[in-house]
Amino acid sequence: MNNEDLDIYQELQKHLDKLPIGYPATESGVELRILKHLFTPKQAELALKLGFQPLPLKKIYRKVKNSGITVEQLEQELDKMEKKGLINFGSAKEGDEEIKYYANAPIVIGFYEFQLNRLTEDFYHDFMQYFEEAFLAEFNRTKIPQLRTIPIEQSISYEQKISNYDELRTMIENIGEPISVQECICRQAKDLVADPCKKTDLRESCFAFRNAAKIYIDKGLGREITKEEAINILKKAKEDGLVIQPGNSQRPMCICTCCGCCCGILTNQKRLSEPAQFFATNFYASVDEDLCVGCETCEDRCNMDAIYIEDNIAHVNKARCIGCGACIPTCTSEAIQLYKKEKEIIPPINTKGTYMAIMDKKAELAHVEKNS
């Protein structure tokens with residue numbers, strides 16, 4: 001990488017770091033290797049002209065027209081970047097004209113997930129190194145996650161009131177169409193490095209909805225399915241003990257089905273001593289010691305190492321429990337149950353609201369740091 005190219009990638013790193021989910025620098029420079037793997041220098045320059053909020057093609061052109069590029073050439077280059085999964089894209093009708101919009105994508109949920117079917121071992125190892133060196137701290141900084149954890153239905157007694165945004169079937173019924181399902185990129189990556197999932201043989205188990213679904217379908221990365229098909233796949237995910245994680249809003253654009261052996265988020269969070277504080281969840285598990293027979297099934301099912309057996313009794317470490325309920329359907333003595341937390345976390349209305357909440361919190365933290 002020559003000095004001129006290095007400068008471009010360093011500028012892009014700083015630019016992407018301004019997004020709600022930032023892209024901080026590291027001492028090792030692994031974040032620059034990731035950018036170089038994905039963006040050509042020319043594409044990096046164009047990405048510098050984009051922001052978090054989508055811009056129409058004509059506004060982007062005003063920023064670059066002095067370079068001599070035509071609006072048609074700009075559109076072609078941006079479309080290539082969108083096809084590579086480097087940037088976000090949308091379109092809207094204004095009269096008879098279809099207006100294209102482009103925006104920067106964060107690394108997660110963003111241009112990493114769009115590398116589905118294009119992963120290489122080197123890229124995956126760089127990504128995991130980056131996660132450990134810098135990205136997990138960025139991801140956890142505000143304690144407002146991009147995903148939230150909802151319980152599986154069998155894990156909650158009928159006496160407890162469940163809000164619509166914590167009830168999976170209601171969510172799917174009202175989610176909007178189209179619905180797409182695609183391979184889980186985390187399990188695809190683990191298959192690539194010969195370390196397959198120990199929880200499930202499911203691969204097509206990540207979902208996108210509405211505009212996000214159209215993007216996956218148009219890219220050939222996902223296939224359109226019905227609501228009933230989605231519910232059946234999610235049923236299998238629950239049976240296999242996966243964590244159900246929709247986007248952290250009342251109208252999520254995605255649902256992930258995650259395990260503690262493959263998921264980039266869970267595998268990194270569980271290394272922390274008290275990871276539950278970084279999850280948006282309204283429930284926690286608790287064991288009735290009089291009923292527990294110490295069969296260890298719940299300990300094996302837990303994706304967060306939150307359950308341990310002591311004196312032949314299961315115990316839940318609440319600082320690690322994320323309230324997914326995966327431990328409950330297979331309890332041989334019905335000794336474990338989910339309970340609702342006293343203070344309910346109400347998710348933002350939509351995905352934009354989630355990102356705005358993250359930005360507001362980052363601004364608040366920056367102000368405190370500056371004045372401390």
# chains A, B, ... in the order shown; residues from 1 in each chain; ligands from 1

$ residues_around --residues "A:Met304" --least-positions-apart "2" --cutoff "10 Å" --atoms "only C-alpha atoms" --output "MDAnalysis selection string"
chainID A and resid 243 259:261 266:267 269:271 275:276 299 301:302 306:307 317 320:322 324

$ residues_around --residues "A:Ala280" --least-positions-apart "5" --cutoff "7 Å" --atoms "only C-alpha atoms" --output "JSON, numbers by chain"
{"A": [145, 148, 149, 345]}

$ write_last_selection --atoms "N, CA and C atoms" --output "PDB file, in the first residue's frame"
ATOM      1  N   PRO A 145     -27.673  -1.402  22.181  1.00  0.00           N
ATOM      2  CA  PRO A 145     -27.241  -2.311  21.109  1.00  0.00           C
ATOM      3  C   PRO A 145     -28.097  -2.183  19.855  1.00  0.00           C
ATOM      4  N   ARG A 148     -31.751  -6.639  19.959  1.00  0.00           N
ATOM      5  CA  ARG A 148     -32.287  -6.877  21.283  1.00  0.00           C
ATOM      6  C   ARG A 148     -32.597  -8.363  21.414  1.00  0.00           C
ATOM      7  N   THR A 149     -32.671  -8.853  22.615  1.00  0.00           N
ATOM      8  CA  THR A 149     -32.947 -10.266  22.851  1.00  0.00           C
ATOM      9  C   THR A 149     -34.391 -10.435  23.285  1.00  0.00           C
ATOM     10  N   ILE A 345     -37.459  -2.310  29.271  1.00  0.00           N
ATOM     11  CA  ILE A 345     -36.760  -1.532  28.246  1.00  0.00           C
ATOM     12  C   ILE A 345     -37.667  -1.452  27.023  1.00  0.00           C
TER      13      ILE A 345
END

$ residues_around --residues "stretch 42-50 of chain A" --least-positions-apart "3" --cutoff "9 Å" --atoms "only C-alpha atoms" --output "count of residues only"
24

$ residues_around --residues "stretch 205-214 of chain A" --least-positions-apart "6" --cutoff "8 Å" --atoms "only C-alpha atoms" --output "list in words"
Gly90, Ile175, Gly176, Glu177, Pro178, Ile179, Ser180, Val181, Gln182, Glu183, Cys184, Gly222, Glu224, Ala230, Ile233, Leu234, Ala237, Pro252, Met253, Cys254, Ile255, Cys256 and Thr257 of chain A

$ write_last_selection --atoms "C-alpha atoms" --output "PDB file, in the first residue's frame"
ATOM      1  CA  GLY A  90     -32.534   2.990  -1.498  1.00  0.00           C
ATOM      2  CA  ILE A 175     -43.420  -6.974  10.332  1.00  0.00           C
ATOM      3  CA  GLY A 176     -44.219  -6.028   6.724  1.00  0.00           C
ATOM      4  CA  GLU A 177     -43.167  -7.644   3.466  1.00  0.00           C
ATOM      5  CA  PRO A 178     -41.225  -8.880   1.652  1.00  0.00           C
ATOM      6  CA  ILE A 179     -39.442 -11.229   4.060  1.00  0.00           C
ATOM      7  CA  SER A 180     -36.111 -12.718   3.056  1.00  0.00           C
ATOM      8  CA  VAL A 181     -34.042 -15.432   4.670  1.00  0.00           C
ATOM      9  CA  GLN A 182     -30.309 -15.772   4.116  1.00  0.00           C
ATOM     10  CA  GLU A 183     -27.437 -17.782   5.454  1.00  0.00           C
ATOM     11  CA  CYS A 184     -26.021 -16.705   8.788  1.00  0.00           C
ATOM     12  CA  GLY A 222     -31.408 -14.117   0.246  1.00  0.00           C
ATOM     13  CA  GLU A 224     -38.173 -14.418  -0.384  1.00  0.00           C
ATOM     14  CA  ALA A 230     -40.276 -17.642   8.652  1.00  0.00           C
ATOM     15  CA  ILE A 233     -37.484 -21.679  10.573  1.00  0.00           C
ATOM     16  CA  LEU A 234     -37.617 -19.722  13.821  1.00  0.00           C
ATOM     17  CA  ALA A 237     -33.936 -22.188  15.766  1.00  0.00           C
ATOM     18  CA  PRO A 252     -37.085  -4.254  13.261  1.00  0.00           C
ATOM     19  CA  MET A 253     -35.516  -4.614   9.826  1.00  0.00           C
ATOM     20  CA  CYS A 254     -33.894  -7.946  10.702  1.00  0.00           C
ATOM     21  CA  ILE A 255     -33.897 -10.947  13.024  1.00  0.00           C
ATOM     22  CA  CYS A 256     -30.757 -12.913  13.813  1.00  0.00           C
ATOM     23  CA  THR A 257     -30.676 -16.384  15.352  1.00  0.00           C
TER      24      THR A 257
END

$ residues_around --residues "A:His315" --least-positions-apart "3" --cutoff "8 Å" --atoms "only C-alpha atoms" --output "VMD selection string"
chain A and resid 286 to 287 307 to 310

$ write_last_selection --atoms "N, CA and C atoms" --output "tab-separated table (two decimals), in the first residue's frame"
chain	number	residue	atom	x	y	z
A	286	SER	N	-34.43	-17.78	36.29
A	286	SER	CA	-34.24	-18.10	37.70
A	286	SER	C	-34.61	-19.56	37.94
A	287	VAL	N	-33.91	-20.20	38.88
A	287	VAL	CA	-34.10	-21.63	39.15
A	287	VAL	C	-34.81	-21.84	40.48
A	307	ILE	N	-25.16	-20.15	33.30
A	307	ILE	CA	-25.68	-21.16	34.22
A	307	ILE	C	-24.54	-22.10	34.64
A	308	TYR	N	-24.48	-22.39	35.91
A	308	TYR	CA	-23.47	-23.31	36.43
A	308	TYR	C	-24.12	-24.23	37.46
A	309	ILE	N	-23.54	-25.40	37.63
A	309	ILE	CA	-24.07	-26.40	38.56
A	309	ILE	C	-23.18	-26.43	39.80
A	310	GLU	N	-23.81	-26.31	40.94
A	310	GLU	CA	-23.08	-26.36	42.22
A	310	GLU	C	-23.92	-27.17	43.21

$ closest_residue --among "A:Thr332, A:Asn303, A:Gln250, A:Ser28" --to "A:Tyr130" --atoms "only C-alpha atoms"
A:Ser28

$ closest_atom_pairs --of "stretch 127-186 of chain A" --to "stretch 353-368 of chain A" --cutoff "8 Å" --atoms "only C-alpha atoms" --output "CSV"
residue,atom,partner,partner_atom,distance
A:Arg141,CA,A:Lys362,CA,7.8
A:Thr142,CA,A:Lys361,CA,6.0
A:Ile144,CA,A:Ile358,CA,6.2
A:Gln146,CA,A:Thr354,CA,7.2

$ write_last_selection --atoms "C-alpha atoms" --output "PDB file, in the first residue's frame"
ATOM      1  CA  ARG A 141     -19.887   2.171  24.401  1.00  0.00           C
ATOM      2  CA  THR A 142     -23.434   3.506  24.747  1.00  0.00           C
ATOM      3  CA  ILE A 144     -27.687   0.765  23.323  1.00  0.00           C
ATOM      4  CA  GLN A 146     -28.301  -2.687  17.498  1.00  0.00           C
TER       5      GLN A 146
END

$ select_by_dssp --residues "stretch 22-216 of chain A" --states "alpha helix (DSSP H)" --output "number ranges by chain"
A: 30-38, 41-47, 57-64, 71-83, 121-130, 136-140, 168-173, 185-192, 211-216

$ residues_around --residues "A:Ile107" --least-positions-apart "2" --cutoff "9 Å" --atoms "only C-alpha atoms" --output "JSON, numbers by chain"
{"A": [16, 21, 22, 23, 86, 105, 109, 110, 111, 112, 113]}

$ residues_around --residues "A:Lys143" --least-positions-apart "3" --cutoff "8 Å" --atoms "only C-alpha atoms" --output "PyMOL selection string"
chain A and resi 139-140+277-279

$ closest_residue --among "A:Gln188, A:Asn248, A:Asn312, A:Asn174" --to "A:Cys262" --atoms "only C-alpha atoms"
A:Gln188

$ atom_distance --atom1 "atom CA of A:Val108" --atom2 "atom CA of A:Lys370"
27.1 Å

$ atom_distance --atom1 "atom CA of A:Gly323" --atom2 "atom CA of A:Tyr339"
8.3 Å

$ closest_residue --among "A:Lys59, A:Lys238, A:Arg251, A:Lys318" --to "A:Thr330" --atoms "only C-alpha atoms"
A:Lys238

$ decode --residues "stretch 197-231 of chain A" --atoms "N, CA and C atoms" --output "mmCIF file, in the first residue's frame"
data_model
loop_
_atom_site.group_PDB
_atom_site.id
_atom_site.type_symbol
_atom_site.label_atom_id
_atom_site.label_comp_id
_atom_site.auth_asym_id
_atom_site.auth_seq_id
_atom_site.Cartn_x
_atom_site.Cartn_y
_atom_site.Cartn_z
ATOM 1 N N CYS A 197 -20.690 -24.997 13.497
ATOM 2 C CA CYS A 197 -21.548 -24.727 14.648
ATOM 3 C C CYS A 197 -21.822 -25.995 15.450
ATOM 4 N N LYS A 198 -21.752 -25.843 16.756
ATOM 5 C CA LYS A 198 -21.994 -26.968 17.660
ATOM 6 C C LYS A 198 -23.435 -26.997 18.170
ATOM 7 N N LYS A 199 -24.228 -25.993 17.785
ATOM 8 C CA LYS A 199 -25.608 -25.883 18.268
ATOM 9 C C LYS A 199 -26.646 -26.355 17.257
ATOM 10 N N THR A 200 -26.399 -26.084 15.983
ATOM 11 C CA THR A 200 -27.449 -26.284 14.989
ATOM 12 C C THR A 200 -26.854 -26.609 13.631
ATOM 13 N N ASP A 201 -27.661 -27.278 12.809
ATOM 14 C CA ASP A 201 -27.283 -27.469 11.409
ATOM 15 C C ASP A 201 -27.979 -26.448 10.511
ATOM 16 N N LEU A 202 -28.753 -25.543 11.113
ATOM 17 C CA LEU A 202 -29.375 -24.451 10.354
ATOM 18 C C LEU A 202 -28.304 -23.536 9.777
ATOM 19 N N ARG A 203 -28.458 -23.157 8.537
ATOM 20 C CA ARG A 203 -27.602 -22.143 7.926
ATOM 21 C C ARG A 203 -28.443 -20.967 7.443
ATOM 22 N N GLU A 204 -29.531 -21.241 6.732
ATOM 23 C CA GLU A 204 -30.465 -20.181 6.343
ATOM 24 C C GLU A 204 -31.306 -19.832 7.563
ATOM 25 N N SER A 205 -30.871 -18.857 8.327
ATOM 26 C CA SER A 205 -31.584 -18.582 9.589
ATOM 27 C C SER A 205 -31.529 -17.124 9.998
ATOM 28 N N CYS A 206 -31.113 -16.244 9.092
ATOM 29 C CA CYS A 206 -31.147 -14.805 9.359
ATOM 30 C C CYS A 206 -32.173 -14.163 8.437
ATOM 31 N N PHE A 207 -32.921 -13.215 8.982
ATOM 32 C CA PHE A 207 -34.073 -12.665 8.270
ATOM 33 C C PHE A 207 -33.923 -11.155 8.074
ATOM 34 N N ALA A 208 -34.460 -10.689 6.952
ATOM 35 C CA ALA A 208 -34.559 -9.251 6.702
ATOM 36 C C ALA A 208 -35.989 -8.949 6.257
ATOM 37 N N PHE A 209 -36.397 -7.705 6.469
ATOM 38 C CA PHE A 209 -37.789 -7.332 6.205
ATOM 39 C C PHE A 209 -37.863 -6.017 5.422
ATOM 40 N N ARG A 210 -38.924 -5.927 4.621
ATOM 41 C CA ARG A 210 -39.240 -4.717 3.871
ATOM 42 C C ARG A 210 -38.057 -4.314 2.965
ATOM 43 N N ASN A 211 -37.577 -3.093 3.087
ATOM 44 C CA ASN A 211 -36.508 -2.605 2.212
ATOM 45 C C ASN A 211 -35.237 -3.431 2.332
ATOM 46 N N ALA A 212 -34.899 -3.816 3.566
ATOM 47 C CA ALA A 212 -33.694 -4.619 3.777
ATOM 48 C C ALA A 212 -33.817 -5.962 3.066
ATOM 49 N N ALA A 213 -35.029 -6.540 3.093
ATOM 50 C CA ALA A 213 -35.252 -7.810 2.401
ATOM 51 C C ALA A 213 -35.074 -7.645 0.892
ATOM 52 N N LYS A 214 -35.606 -6.544 0.349
ATOM 53 C CA LYS A 214 -35.461 -6.295 -1.093
ATOM 54 C C LYS A 214 -33.991 -6.241 -1.489
ATOM 55 N N ILE A 215 -33.170 -5.626 -0.636
ATOM 56 C CA ILE A 215 -31.745 -5.510 -0.938
ATOM 57 C C ILE A 215 -31.099 -6.891 -0.982
ATOM 58 N N TYR A 216 -31.371 -7.720 0.025
ATOM 59 C CA TYR A 216 -30.798 -9.069 0.034
ATOM 60 C C TYR A 216 -31.275 -9.881 -1.165
ATOM 61 N N ILE A 217 -32.545 -9.765 -1.503
ATOM 62 C CA ILE A 217 -33.089 -10.517 -2.635
ATOM 63 C C ILE A 217 -32.461 -10.037 -3.941
ATOM 64 N N ASP A 218 -32.372 -8.704 -4.117
ATOM 65 C CA ASP A 218 -31.797 -8.135 -5.340
ATOM 66 C C ASP A 218 -30.322 -8.513 -5.502
ATOM 67 N N LYS A 219 -29.606 -8.636 -4.398
ATOM 68 C CA LYS A 219 -28.191 -9.013 -4.460
ATOM 69 C C LYS A 219 -28.002 -10.516 -4.676
ATOM 70 N N GLY A 220 -29.093 -11.281 -4.600
ATOM 71 C CA GLY A 220 -28.981 -12.723 -4.726
ATOM 72 C C GLY A 220 -28.439 -13.386 -3.475
ATOM 73 N N LEU A 221 -28.495 -12.668 -2.344
ATOM 74 C CA LEU A 221 -27.964 -13.200 -1.085
ATOM 75 C C LEU A 221 -29.043 -13.863 -0.241
ATOM 76 N N GLY A 222 -30.305 -13.557 -0.518
ATOM 77 C CA GLY A 222 -31.408 -14.117 0.246
ATOM 78 C C GLY A 222 -32.542 -14.514 -0.679
ATOM 79 N N ARG A 223 -33.486 -15.285 -0.149
ATOM 80 C CA ARG A 223 -34.659 -15.667 -0.939
ATOM 81 C C ARG A 223 -35.917 -15.226 -0.203
ATOM 82 N N GLU A 224 -36.919 -14.878 -0.980
ATOM 83 C CA GLU A 224 -38.173 -14.418 -0.384
ATOM 84 C C GLU A 224 -38.953 -15.598 0.172
ATOM 85 N N ILE A 225 -39.506 -15.429 1.363
ATOM 86 C CA ILE A 225 -40.303 -16.477 2.003
ATOM 87 C C ILE A 225 -41.586 -15.872 2.568
ATOM 88 N N THR A 226 -42.518 -16.744 2.927
ATOM 89 C CA THR A 226 -43.769 -16.312 3.537
ATOM 90 C C THR A 226 -43.584 -16.166 5.050
ATOM 91 N N LYS A 227 -44.587 -15.565 5.689
ATOM 92 C CA LYS A 227 -44.553 -15.431 7.146
ATOM 93 C C LYS A 227 -44.534 -16.808 7.812
ATOM 94 N N GLU A 228 -45.318 -17.741 7.256
ATOM 95 C CA GLU A 228 -45.375 -19.080 7.846
ATOM 96 C C GLU A 228 -44.025 -19.790 7.720
ATOM 97 N N GLU A 229 -43.346 -19.620 6.591
ATOM 98 C CA GLU A 229 -42.008 -20.203 6.435
ATOM 99 C C GLU A 229 -41.041 -19.607 7.459
ATOM 100 N N ALA A 230 -41.146 -18.303 7.669
ATOM 101 C CA ALA A 230 -40.276 -17.642 8.652
ATOM 102 C C ALA A 230 -40.525 -18.213 10.045
ATOM 103 N N ILE A 231 -41.791 -18.383 10.397
ATOM 104 C CA ILE A 231 -42.136 -18.906 11.722
ATOM 105 C C ILE A 231 -41.619 -20.335 11.892
#
